Each structure stands twice: as C-alpha cells, then as structure tokens.
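**Q** I'm passing along target04.txt; it holds compact mmCIF, C-alpha atoms and all ligand atoms.
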# COMPACT_ATOMS: atom_id res chain seq x y z
CA MET A 1 92.86 26.09 -34.32
CA LYS A 2 91.94 29.32 -36.11
CA LYS A 3 94.51 32.11 -36.13
CA VAL A 4 93.38 35.55 -35.00
CA GLY A 5 94.91 38.96 -34.38
CA ILE A 6 94.28 42.40 -32.90
CA ILE A 7 95.39 45.82 -34.11
CA GLY A 8 95.15 48.28 -31.20
CA ALA A 9 95.79 45.53 -28.63
CA SER A 10 97.08 47.91 -25.95
CA GLY A 11 93.85 49.93 -25.64
CA TYR A 12 90.94 49.13 -23.35
CA THR A 13 88.89 47.12 -25.86
CA GLY A 14 92.05 45.51 -27.30
CA HIS A 15 93.04 44.36 -23.85
CA GLU A 16 89.62 42.82 -23.18
CA LEU A 17 90.02 40.91 -26.44
CA VAL A 18 93.49 39.71 -25.45
CA LYS A 19 92.02 38.29 -22.23
CA ILE A 20 89.07 36.57 -23.95
CA LEU A 21 90.97 35.22 -26.96
CA LYS A 22 93.84 33.89 -24.84
CA LYS A 23 91.33 31.58 -23.10
CA HIS A 24 89.21 30.74 -26.18
CA SER A 25 89.66 27.04 -26.94
CA ASN A 26 89.32 27.29 -30.74
CA VAL A 27 91.62 30.21 -31.56
CA GLU A 28 95.29 31.10 -31.33
CA LEU A 29 96.09 34.79 -30.82
CA VAL A 30 99.13 35.48 -33.01
CA VAL A 31 99.01 39.27 -33.57
CA LEU A 32 98.81 41.74 -30.64
CA ASN A 33 99.80 44.86 -32.51
CA SER A 34 100.62 48.04 -30.61
CA LYS A 35 102.68 50.83 -32.08
CA SER A 36 103.44 52.31 -28.66
CA TYR A 37 104.28 49.13 -26.71
CA GLU A 38 105.94 46.84 -29.29
CA GLY A 39 108.19 44.30 -27.53
CA LYS A 40 106.75 45.01 -24.08
CA LYS A 41 104.91 42.37 -22.06
CA VAL A 42 101.17 42.90 -21.70
CA LYS A 43 101.53 42.59 -17.92
CA GLU A 44 103.89 45.60 -17.89
CA LEU A 45 100.94 47.72 -19.01
CA TYR A 46 98.08 45.87 -17.27
CA PHE A 47 99.44 44.81 -13.90
CA ASP A 48 96.64 42.36 -13.11
CA PHE A 49 97.20 40.41 -16.35
CA ASN A 50 98.75 37.01 -15.89
CA GLY A 51 100.40 35.76 -19.05
CA GLU A 52 103.63 36.12 -20.96
CA GLU A 53 102.09 37.64 -24.12
CA ILE A 54 104.17 40.36 -25.77
CA TYR A 55 102.88 43.25 -27.91
CA THR A 56 103.84 42.89 -31.58
CA ASN A 57 104.04 45.47 -34.33
CA TYR A 58 103.79 43.43 -37.53
CA SER A 59 103.46 45.23 -40.86
CA ILE A 60 100.31 44.67 -42.91
CA ASP A 61 102.37 42.53 -45.34
CA GLU A 62 103.58 40.33 -42.50
CA ILE A 63 100.03 40.00 -41.16
CA ASN A 64 98.72 39.07 -44.60
CA LYS A 65 101.34 36.34 -44.97
CA MET A 66 100.04 34.77 -41.74
CA LYS A 67 96.65 34.18 -43.45
CA LEU A 68 94.61 35.00 -40.35
CA ASP A 69 91.09 33.65 -39.97
CA CYS A 70 89.90 36.74 -38.13
CA MET A 71 91.33 40.19 -37.41
CA PHE A 72 89.95 42.63 -34.83
CA LEU A 73 90.45 46.37 -35.29
CA CYS A 74 90.44 48.23 -31.95
CA VAL A 75 91.55 51.60 -33.26
CA PRO A 76 89.94 55.05 -33.38
CA HIS A 77 87.42 55.80 -36.14
CA THR A 78 88.98 56.81 -39.50
CA LYS A 79 91.97 54.55 -38.70
CA ALA A 80 89.91 51.42 -39.37
CA PHE A 81 88.90 52.42 -42.91
CA GLU A 82 92.58 53.12 -43.64
CA LEU A 83 93.66 49.67 -42.40
CA LEU A 84 90.80 47.39 -43.43
CA PRO A 85 91.14 47.57 -47.24
CA GLN A 86 94.79 46.44 -46.95
CA LEU A 87 94.01 43.38 -44.81
CA LYS A 88 93.56 39.93 -46.38
CA SER A 89 92.25 38.18 -43.24
CA LYS A 90 89.26 35.92 -43.97
CA LYS A 91 87.03 37.78 -41.49
CA ILE A 92 87.36 41.23 -39.94
CA VAL A 93 85.53 42.69 -36.93
CA ASP A 94 85.96 46.46 -36.63
CA LEU A 95 85.17 47.89 -33.20
CA SER A 96 85.28 51.50 -34.40
CA ALA A 97 82.36 53.35 -35.96
CA ASP A 98 83.75 53.14 -39.51
CA TYR A 99 81.59 50.28 -40.78
CA ARG A 100 78.45 50.76 -38.65
CA PHE A 101 76.45 53.00 -41.00
CA LYS A 102 74.60 51.50 -43.95
CA LYS A 103 74.40 54.94 -45.56
CA ILE A 104 77.88 56.36 -45.98
CA GLN A 105 76.52 59.93 -46.21
CA LYS A 106 75.08 59.54 -42.71
CA TYR A 107 78.47 58.43 -41.37
CA GLU A 108 80.12 61.44 -43.01
CA GLU A 109 77.51 63.80 -41.59
CA VAL A 110 77.72 62.37 -38.06
CA TYR A 111 81.52 61.97 -37.88
CA GLU A 112 82.28 65.02 -40.02
CA VAL A 113 84.91 63.20 -42.12
CA LYS A 114 85.01 61.70 -45.59
CA HIS A 115 84.62 57.90 -45.57
CA LEU A 116 87.44 56.39 -47.65
CA ASP A 117 86.17 52.84 -48.11
CA GLU A 118 82.70 52.83 -49.61
CA LYS A 119 83.35 49.49 -51.33
CA ASN A 120 83.85 47.50 -48.10
CA ASN A 121 81.23 49.53 -46.23
CA LYS A 122 78.65 48.10 -48.65
CA LYS A 123 79.63 44.56 -47.63
CA ALA A 124 79.75 45.21 -43.88
CA VAL A 125 77.08 43.78 -41.58
CA TYR A 126 76.02 45.53 -38.36
CA GLY A 127 77.23 43.23 -35.59
CA LEU A 128 74.28 43.05 -33.23
CA PRO A 129 73.69 39.27 -33.10
CA GLU A 130 70.25 39.51 -31.46
CA LEU A 131 69.00 41.34 -34.58
CA PHE A 132 71.23 40.18 -37.43
CA LYS A 133 72.53 36.70 -36.55
CA GLU A 134 72.02 35.04 -39.92
CA LYS A 135 73.69 37.89 -41.81
CA ILE A 136 76.63 37.91 -39.38
CA LYS A 137 77.21 34.19 -39.93
CA LYS A 138 77.82 34.85 -43.63
CA ALA A 139 79.63 38.19 -43.29
CA LYS A 140 83.27 38.86 -44.10
CA ILE A 141 83.24 42.28 -42.43
CA VAL A 142 81.34 43.16 -39.27
CA GLY A 143 80.93 46.70 -37.95
CA ASN A 144 80.75 46.05 -34.21
CA PRO A 145 78.10 48.34 -32.62
CA GLY A 146 78.82 51.23 -30.28
CA CYS A 147 78.24 50.55 -26.57
CA TYR A 148 75.38 53.05 -26.14
CA ALA A 149 73.86 51.92 -29.44
CA THR A 150 73.96 48.31 -28.23
CA ILE A 151 72.16 48.96 -24.94
CA CYS A 152 69.58 51.39 -26.36
CA THR A 153 68.73 49.23 -29.37
CA LEU A 154 68.45 46.01 -27.32
CA THR A 155 66.23 47.81 -24.78
CA SER A 156 63.79 49.29 -27.26
CA TYR A 157 63.68 47.16 -30.43
CA PRO A 158 61.13 44.57 -29.16
CA ILE A 159 58.70 47.21 -27.86
CA GLN A 160 58.81 49.74 -30.69
CA LYS A 161 55.21 49.00 -31.63
CA PHE A 162 54.01 50.19 -28.19
CA ALA A 163 56.02 53.41 -28.20
CA LYS A 164 55.06 56.95 -29.15
CA TYR A 165 58.31 58.52 -27.90
CA ILE A 166 61.43 57.05 -26.27
CA VAL A 167 63.95 58.78 -23.97
CA PHE A 168 67.25 57.01 -23.29
CA ASP A 169 69.03 58.29 -20.18
CA CYS A 170 72.43 56.52 -20.18
CA LYS A 171 75.32 56.37 -17.72
CA SER A 172 78.68 54.87 -18.61
CA GLY A 173 81.84 53.93 -16.77
CA TYR A 174 84.75 56.10 -17.86
CA SER A 175 86.54 53.31 -19.78
CA GLY A 176 83.98 54.08 -22.50
CA ALA A 177 86.12 56.96 -23.68
CA GLY A 178 89.32 54.89 -24.07
CA LYS A 179 92.60 54.92 -22.26
CA SER A 180 93.70 58.37 -23.37
CA SER A 181 90.59 60.18 -22.11
CA THR A 182 90.91 62.84 -19.38
CA TYR A 183 89.00 60.61 -16.95
CA ALA A 184 91.38 57.69 -17.47
CA LYS A 185 94.48 59.85 -17.17
CA ASP A 186 93.31 61.99 -14.24
CA HIS A 187 90.79 60.13 -12.11
CA ASP A 188 90.11 63.19 -9.94
CA THR A 189 88.11 64.72 -12.82
CA ILE A 190 85.44 62.03 -12.41
CA LYS A 191 85.92 61.01 -8.76
CA GLU A 192 82.62 61.29 -6.82
CA ASN A 193 81.11 62.85 -9.92
CA ILE A 194 78.62 62.37 -12.78
CA VAL A 195 79.18 64.33 -15.97
CA ALA A 196 76.47 64.82 -18.59
CA TYR A 197 77.66 65.52 -22.15
CA LYS A 198 76.34 65.74 -25.73
CA LEU A 199 72.84 66.33 -24.34
CA THR A 200 71.04 66.02 -27.68
CA ASN A 201 73.48 65.08 -30.43
CA HIS A 202 75.80 62.26 -29.35
CA ARG A 203 76.96 60.26 -32.39
CA HIS A 204 75.40 57.03 -31.13
CA LYS A 205 71.93 58.62 -31.41
CA TYR A 206 72.21 58.37 -35.18
CA GLU A 207 73.47 54.79 -34.99
CA ILE A 208 70.41 53.86 -32.90
CA GLU A 209 68.09 55.64 -35.35
CA GLN A 210 69.10 53.17 -38.06
CA PHE A 211 67.03 50.54 -36.22
CA ILE A 212 64.61 52.38 -33.91
CA LYS A 213 62.09 54.25 -36.00
CA THR A 214 60.14 55.75 -33.08
CA LYS A 215 61.08 59.37 -32.25
CA LEU A 216 63.78 59.31 -29.61
CA SER A 217 66.02 61.38 -27.33
CA PHE A 218 69.35 60.20 -26.00
CA THR A 219 71.58 61.74 -23.33
CA PRO A 220 74.82 60.13 -22.08
CA HIS A 221 76.59 60.64 -18.73
CA VAL A 222 79.99 59.48 -17.49
CA ILE A 223 80.12 58.11 -13.94
CA ASP A 224 82.80 57.24 -11.44
CA ALA A 225 83.01 53.54 -12.28
CA PHE A 226 85.59 52.01 -14.62
CA GLN A 227 83.35 49.67 -16.60
CA GLY A 228 79.63 49.08 -16.92
CA MET A 229 76.75 51.11 -18.30
CA MET A 230 73.09 51.64 -17.44
CA CYS A 231 70.26 52.84 -19.61
CA THR A 232 67.05 54.08 -17.98
CA THR A 233 64.55 54.09 -20.82
CA HIS A 234 61.35 56.16 -20.55
CA VAL A 235 58.72 55.13 -23.08
CA THR A 236 55.58 57.17 -23.68
CA LEU A 237 53.13 54.43 -24.59
CA LYS A 238 50.70 54.88 -27.49
CA GLU A 239 47.82 53.35 -25.53
CA LYS A 240 47.10 51.71 -22.21
CA THR A 241 49.39 48.69 -21.94
CA ASN A 242 50.15 46.45 -18.98
CA LYS A 243 53.47 45.15 -17.68
CA ASP A 244 52.73 41.56 -18.80
CA GLU A 245 52.37 42.62 -22.44
CA ILE A 246 55.71 44.45 -22.30
CA VAL A 247 57.55 41.59 -20.60
CA LYS A 248 56.02 39.12 -23.09
CA ALA A 249 57.25 41.21 -26.03
CA PHE A 250 60.81 41.10 -24.65
CA LYS A 251 60.66 37.39 -23.81
CA ASP A 252 59.23 36.44 -27.19
CA PHE A 253 61.81 38.48 -29.10
CA TYR A 254 64.84 37.31 -27.11
CA ASN A 255 63.55 33.76 -26.71
CA ASP A 256 66.77 31.77 -27.19
CA GLU A 257 69.34 34.54 -26.96
CA PRO A 258 72.24 33.39 -24.78
CA PHE A 259 73.29 36.86 -23.63
CA ILE A 260 69.95 38.51 -22.83
CA LYS A 261 68.47 38.18 -19.35
CA ILE A 262 64.95 39.49 -18.81
CA MET A 263 64.64 40.33 -15.11
CA GLU A 264 60.89 40.46 -14.75
CA ASP A 265 60.79 41.25 -11.03
CA ASN A 266 64.07 43.08 -10.53
CA ILE A 267 65.86 46.27 -11.45
CA PRO A 268 69.30 45.29 -12.78
CA ASP A 269 72.42 47.18 -11.73
CA LEU A 270 76.05 47.30 -12.83
CA HIS A 271 77.09 44.42 -10.59
CA ASP A 272 74.92 42.13 -12.73
CA ILE A 273 77.02 42.69 -15.84
CA GLN A 274 80.51 43.92 -14.94
CA LYS A 275 83.08 41.59 -16.59
CA ASN A 276 80.45 39.47 -18.34
CA ASN A 277 78.77 39.59 -21.76
CA TYR A 278 75.14 39.82 -20.64
CA CYS A 279 72.57 42.50 -21.28
CA CYS A 280 70.11 42.48 -18.36
CA ILE A 281 66.76 44.15 -18.92
CA GLY A 282 64.32 44.78 -16.05
CA GLY A 283 62.22 47.32 -14.18
CA PHE A 284 59.14 47.37 -16.41
CA GLU A 285 57.05 49.80 -14.38
CA ILE A 286 54.21 51.80 -15.93
CA ASP A 287 52.99 54.95 -14.16
CA GLU A 288 49.61 56.70 -14.11
CA ASN A 289 50.60 58.82 -17.13
CA ASN A 290 51.13 55.71 -19.27
CA GLN A 291 54.88 56.12 -19.10
CA LEU A 292 56.91 52.88 -19.09
CA VAL A 293 60.33 52.75 -17.41
CA VAL A 294 62.77 49.98 -18.35
CA VAL A 295 66.25 49.67 -16.84
CA SER A 296 69.01 47.83 -18.69
CA VAL A 297 72.72 47.24 -18.12
CA ILE A 298 75.72 45.99 -20.10
CA ASP A 299 79.47 46.10 -19.64
CA ASN A 300 80.60 48.71 -22.17
CA LEU A 301 83.87 46.83 -22.70
CA LEU A 302 82.19 43.42 -23.17
CA LYS A 303 78.63 43.31 -24.58
CA GLY A 304 79.29 46.93 -25.63
CA ALA A 305 82.57 46.11 -27.40
CA SER A 306 84.97 43.14 -27.10
CA GLY A 307 82.58 40.47 -25.79
CA GLN A 308 80.17 41.26 -28.61
CA ALA A 309 83.12 41.23 -31.06
CA VAL A 310 83.97 37.67 -29.98
CA GLN A 311 80.27 36.72 -30.15
CA ASN A 312 80.40 37.95 -33.75
CA MET A 313 83.65 36.10 -34.50
CA ASN A 314 82.13 32.89 -33.11
CA LEU A 315 79.18 33.25 -35.48
CA MET A 316 81.40 34.14 -38.46
CA LEU A 317 83.73 31.17 -37.90
CA GLY A 318 80.92 28.69 -37.19
CA PHE A 319 81.64 28.19 -33.46
CA ASP A 320 79.08 28.13 -30.66
CA GLU A 321 77.98 31.73 -30.14
CA ASN A 322 79.01 31.76 -26.47
CA MET A 323 82.39 30.06 -26.83
CA GLY A 324 85.04 31.80 -24.71
CA LEU A 325 82.44 34.12 -23.21
N1 LIG A 401 85.97 51.85 -24.75
C1 LIG A 401 84.74 51.40 -25.03
O1 LIG A 401 83.91 51.15 -24.14
C2 LIG A 401 84.34 51.18 -26.47
C3 LIG A 401 83.10 50.56 -26.73
C4 LIG A 401 82.71 50.34 -28.06
C5 LIG A 401 83.55 50.71 -29.09
N2 LIG A 401 84.73 51.33 -28.83
C6 LIG A 401 85.56 51.71 -29.98
O2 LIG A 401 86.67 50.80 -30.06
C7 LIG A 401 87.81 51.47 -30.58
C8 LIG A 401 88.95 51.32 -29.56
O3 LIG A 401 88.52 51.91 -28.34
P1 LIG A 401 89.35 51.82 -26.99
O4 LIG A 401 88.45 52.28 -25.91
O5 LIG A 401 90.01 50.51 -26.88
O6 LIG A 401 90.44 52.97 -27.25
P2 LIG A 401 91.85 53.20 -26.58
O7 LIG A 401 91.86 52.62 -25.21
O8 LIG A 401 92.15 54.64 -26.75
O9 LIG A 401 92.83 52.37 -27.50
C9 LIG A 401 92.94 52.61 -28.88
C10 LIG A 401 94.17 51.89 -29.41
O10 LIG A 401 94.30 52.20 -30.79
C11 LIG A 401 95.69 52.26 -31.11
N3 LIG A 401 95.84 53.31 -32.12
C12 LIG A 401 95.67 54.63 -31.96
N4 LIG A 401 95.88 55.28 -33.13
C13 LIG A 401 96.17 54.31 -34.04
C14 LIG A 401 96.49 54.33 -35.41
N5 LIG A 401 96.57 55.46 -36.08
N6 LIG A 401 96.75 53.15 -36.03
C15 LIG A 401 96.71 51.99 -35.36
N7 LIG A 401 96.42 51.93 -34.03
C16 LIG A 401 96.16 53.08 -33.40
C17 LIG A 401 96.43 52.57 -29.83
O11 LIG A 401 97.45 51.60 -29.64
P3 LIG A 401 98.99 51.80 -29.88
O12 LIG A 401 99.35 53.25 -29.82
O13 LIG A 401 99.58 51.03 -28.77
O14 LIG A 401 99.19 51.19 -31.22
C18 LIG A 401 95.42 52.35 -28.73
O15 LIG A 401 95.83 51.31 -27.88
C19 LIG A 401 87.41 52.93 -30.80
O16 LIG A 401 87.07 53.14 -32.13
C20 LIG A 401 86.18 53.10 -29.89
O17 LIG A 401 85.29 54.07 -30.33
C21 LIG A 401 85.15 51.54 -27.55
Written as structure tokens, how would this file's structure read?
Ligand SMILES: NC(=O)c1ccc[n+]([C@@H]2O[C@H](COP(=O)([O-])OP(=O)(O)OC[C@H]3O[C@@H](n4cnc5c(N)ncnc54)[C@H](OP(=O)(O)O)[C@@H]3O)[C@@H](O)[C@H]2O)c1
**A**
Amino acid sequence: MKKVGIIGASGYTGHELVKILKKHSNVELVVLNSKSYEGKKVKELYFDFNGEEIYTNYSIDEINKMKLDCMFLCVPHTKAFELLPQLKSKKIVDLSADYRFKKIQKYEEVYEVKHLDEKNNKKAVYGLPELFKEKIKKAKIVGNPGCYATICTLTSYPIQKFAKYIVFDCKSGYSGAGKSSTYAKDHDTIKENIVAYKLTNHRHKYEIEQFIKTKLSFTPHVIDAFQGMMCTTHVTLKEKTNKDEIVKAFKDFYNDEPFIKIMEDNIPDLHDIQKNNYCCIGGFEIDENNQLVVVSVIDNLLKGASGQAVQNMNLMLGFDENMGL
C-alpha cells in the first residue's frame, strides 16, 4: 500500500479526492488536512459522504516524517508554491495553477503575482496524460491542468492542423469556482441563470495557448448545475474538409486513451460525464461556411481536477492509469 495525503481536503476538489482515494485499492489516505475543520468528521461537512474519516491538521514536519508516496495540494494558487518546497513526499500533484506554466514570466503576468518557486517549477510536468503520459510517469511534480484548459486542449489538439481560428464557448457548473464562491454560498445568484464572465481574458486562455498554437478566443460561462462543463468549439477550417477526416484525426490521436470517448454520431451532454472521469467529444458538424462545430464535456471536478489528479498519481506510482477511477 502506498501512503497518500491531501492538503485542502475540505474543499470541492479535496473532497472528490477523499472519495476516490478512499476506494482506491493500492493507496491508504493518511492525511486529510483542513485548517478550518480539523477534528471534524468529513460527513459533518458533506452529508452524503459515508465513512468515518476525520479531517487532520498535521504540520509539514509531521507530514514529512510519514514519508508519503504522493501528496495532493488542493489549495488556492500562491498557497501551493508556499507549501510545495517544504514537502518531502516522493510525488506531488498540485491542483492549483502554480506549476502549470513552463515560463514563469507568463504565470506572473497572467496571475499578477511573483512566483516564489522557480526551482521546482522547472521540474514540474503539465499533467494532461493524453499529451504527456511518458513525462508524467517519470515526474516528481505534476501541475494538474485547469478544468477549462483540459476540455479546450483535448478538444482542439488533434485538429490543430485543420484550423485557421478556434472559438471556445464554455459553460461550467458553479463548483468550478470552489466552495467559497458567491454561487456556492448563495444559490439564488445562479438559479435559473447563465452568467458570462472574463469574455476575452480568462486565465485559462493563456494556459491553453501553451499547447494550441492556432489563434483562439475563449469565453467562459457559469450555469445552474453543480458539476460538469461543456465546450462548444467553433473551428474556422483552413480548407474544405469533411467530417470523416475530422473524426479520424480524433480517433487516431486518442487511439488507446482510456478516458476519451469519441461520439461520432452524437452530441454529448453533461449527463454523459457527471461523476465520471471521461471526456466525451462529439458533434462534428461542418456548415456551408466551412465552420466546424465540436461539442465536448467533462466533469470539472473529475477529469477537470481530482479524477485527472488520480490518473496522474496512477501513472507516477506505476499503477494502471484507470485504477480507482
Ligand atoms: N473547483 C474546480 O472545478 C477546480 C478545477 C480545477 C482546479 N481547481 C483548483 O484546485 C484548487 C482547489 O480548488 P477547490 O475548488 O477545491 O477550492 P475550495 O473549494 O475553495 O477549497 C480550497 C481549500 O483550500 C484550503 N485552503 C485555503 N487557503 C489555504 C491556505 N492558505 N493554506 C492551506 N489550505 C488552504 C481550504 O481548506 P481549509 O480552510 O479547510 O484548510 C479549502 O478547503 C484551486 O487552486 C483551484 O483553482 C479547481
């Protein structure tokens, strides 16, 4: 059994990890750190949770003495690069944005803060297994991708060569903003509503641009669903292309990927992915103006966060990629 832990276990992504890791047959969850809920049972905070797990609040020294095989950081950005350099766990998966940017200057520009851990940032691998599996297997530190960056990159990477311009129109369940967001605290603000925000300069746009070199636009919306996200991708094609060529490009690229489903004859919706780790990609219609529309869905808390984090841990610790998922 490998020993693993979570810092930020009481938040939305932390809680998803608690649920997955508790059932994972090759790991033992020994740290469930929460500053706010230390000593309380998880089920006192999440009423539908069945288990006797209790939130811990171990110091970094205590955690280091436990010699953990993998530590997950589920904390806000800037908190991760304060914690990570102190941790001696063999592997670390950070769910925040702190280790997602290869170029530290770009991170500083996008997040408007100074990055305090350039040394470890150099070693970190971007945790999108469908693109970087071999690097992840050898990595000590993984920067787990953002949810929007995951769905947009997976939806466009295989067809970049066909694209002149890409528009990502994304909708996310309100858990995407964490448990202290206005929507989570006061549901009436999102009830029966859709809210567009950051029309042209959401931070995930710059994360996507690390991998998608075609010119792109990205606009996010929050919807009245707790979890799940949809990306309607409009691609202006360079030249006349048919549906079969597009579908083939996706199928060839994601050939053996356990968590990608190409839905050739369907348009996926949130019910296809809520509470599972799949990314479903479908639609594939091309109109008379040579505009391709692809529709994709993921669960922001799973393939967009904690499910992907466990996928990465599995690869880093040499387990089957889909173990526990
Ligand atoms: N929600 C999503 O869909 C999603 C998707 C991809 C990535 N992410 C990223 O994952 C991270 C966690 O997101 P979340 O949605 O789980 O947020 P959340 O629900 O707000 O939870 C964040 C947790 O971090 C802990 N925390 C806050 N400040 C801290 C500090 N200074 N030091 C240590 N712990 C601290 C809090 O726990 P205690 O006060 O109990 O310690 C809280 O439970 C964020 O960086 C977020 O951007 C989220």
**Q** Find the residue from A:Phe259, A:Leu317, A:Asn120, A:Thr150 that sits nearest to A:Lys3; use all atoms listed in the file when measuring.
**A** A:Leu317
**Q** Distance limit 8 Å, reference ligand LIG 401 (chain A), atoms considered: only C-alpha atoms and all ligand atoms. Which residues make the cut? Give them as JSON, numbers by chain.
**A** {"A": [7, 8, 9, 10, 11, 12, 13, 14, 15, 33, 34, 35, 36, 37, 38, 73, 74, 75, 76, 77, 79, 80, 83, 94, 95, 96, 97, 144, 145, 146, 147, 175, 176, 177, 178, 179, 180, 181, 227, 300, 301, 302, 304, 305, 306]}
**Q** With 9 Å as the threshold, what does the neighbourhood of (86.3, 34.1, -26.5) contain in terms of residues, counting all atoms listed in the file? Coordinates are those of the file; answer as a list in words.
**A**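 Answer for this query, in the requested form: Leu17, Lys19, Ile20, Leu21, Lys22, Lys23, His24, Ser25, Asn26, Val27, Gly307, Val310, Gln311, Met313, Asn314, Asn322, Met323, Gly324 and Leu325 of chain A.
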**Q** Output the selection as an mmCIF file, in the coordinates of the input - C-alpha atoms for each residue.
**A**
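Okay, out00.cif is ready:
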data_model
loop_
_atom_site.group_PDB
_atom_site.id
_atom_site.type_symbol
_atom_site.label_atom_id
_atom_site.label_comp_id
_atom_site.auth_asym_id
_atom_site.auth_seq_id
_atom_site.Cartn_x
_atom_site.Cartn_y
_atom_site.Cartn_z
ATOM 1 C CA LEU A 17 90.020 40.910 -26.440
ATOM 2 C CA LYS A 19 92.020 38.290 -22.230
ATOM 3 C CA ILE A 20 89.070 36.570 -23.950
ATOM 4 C CA LEU A 21 90.970 35.220 -26.960
ATOM 5 C CA LYS A 22 93.840 33.890 -24.840
ATOM 6 C CA LYS A 23 91.330 31.580 -23.100
ATOM 7 C CA HIS A 24 89.210 30.740 -26.180
ATOM 8 C CA SER A 25 89.660 27.040 -26.940
ATOM 9 C CA ASN A 26 89.320 27.290 -30.740
ATOM 10 C CA VAL A 27 91.620 30.210 -31.560
ATOM 11 C CA GLY A 307 82.580 40.470 -25.790
ATOM 12 C CA VAL A 310 83.970 37.670 -29.980
ATOM 13 C CA GLN A 311 80.270 36.720 -30.150
ATOM 14 C CA MET A 313 83.650 36.100 -34.500
ATOM 15 C CA ASN A 314 82.130 32.890 -33.110
ATOM 16 C CA ASN A 322 79.010 31.760 -26.470
ATOM 17 C CA MET A 323 82.390 30.060 -26.830
ATOM 18 C CA GLY A 324 85.040 31.800 -24.710
ATOM 19 C CA LEU A 325 82.440 34.120 -23.210
#
**Q** Between atom CA of A:Cys152 and atom CA of A:Leu84, what distance in Å does the model show, to one decimal?
**A**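 Between atom CA of A:Cys152 and atom CA of A:Leu84 the gap is 27.5 Å.
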**Q** Could you tell me, as a ChimeraX atom specification, which residues have any atom at most 8 Å from (97.8, 40.7, -50.9), counting all atoms listed in the file?
**A** /A:61,64,86-88
**Q** Just the number, please: distance in Å from atom CA of A:Cys280 to atom CA of A:Lys191, one decimal.
**A**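 It comes out at 26.2 Å.
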**Q** Could you check how far atom CA of A:Val195 sits from atom CA of A:Tyr148, in Å to one decimal?
**A**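 Between these atoms lies a distance of 15.7 Å.
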**Q** For each of A:Val18, A:Ala149, A:Ala163, A:Val31, take the minimum atom-to-atom distance to A:Asn290, counting all atoms listed in the file, then give the residue where this is smallest.
**A**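 Residue with the minimum atom-to-atom distance to A:Asn290: A:Ala163.
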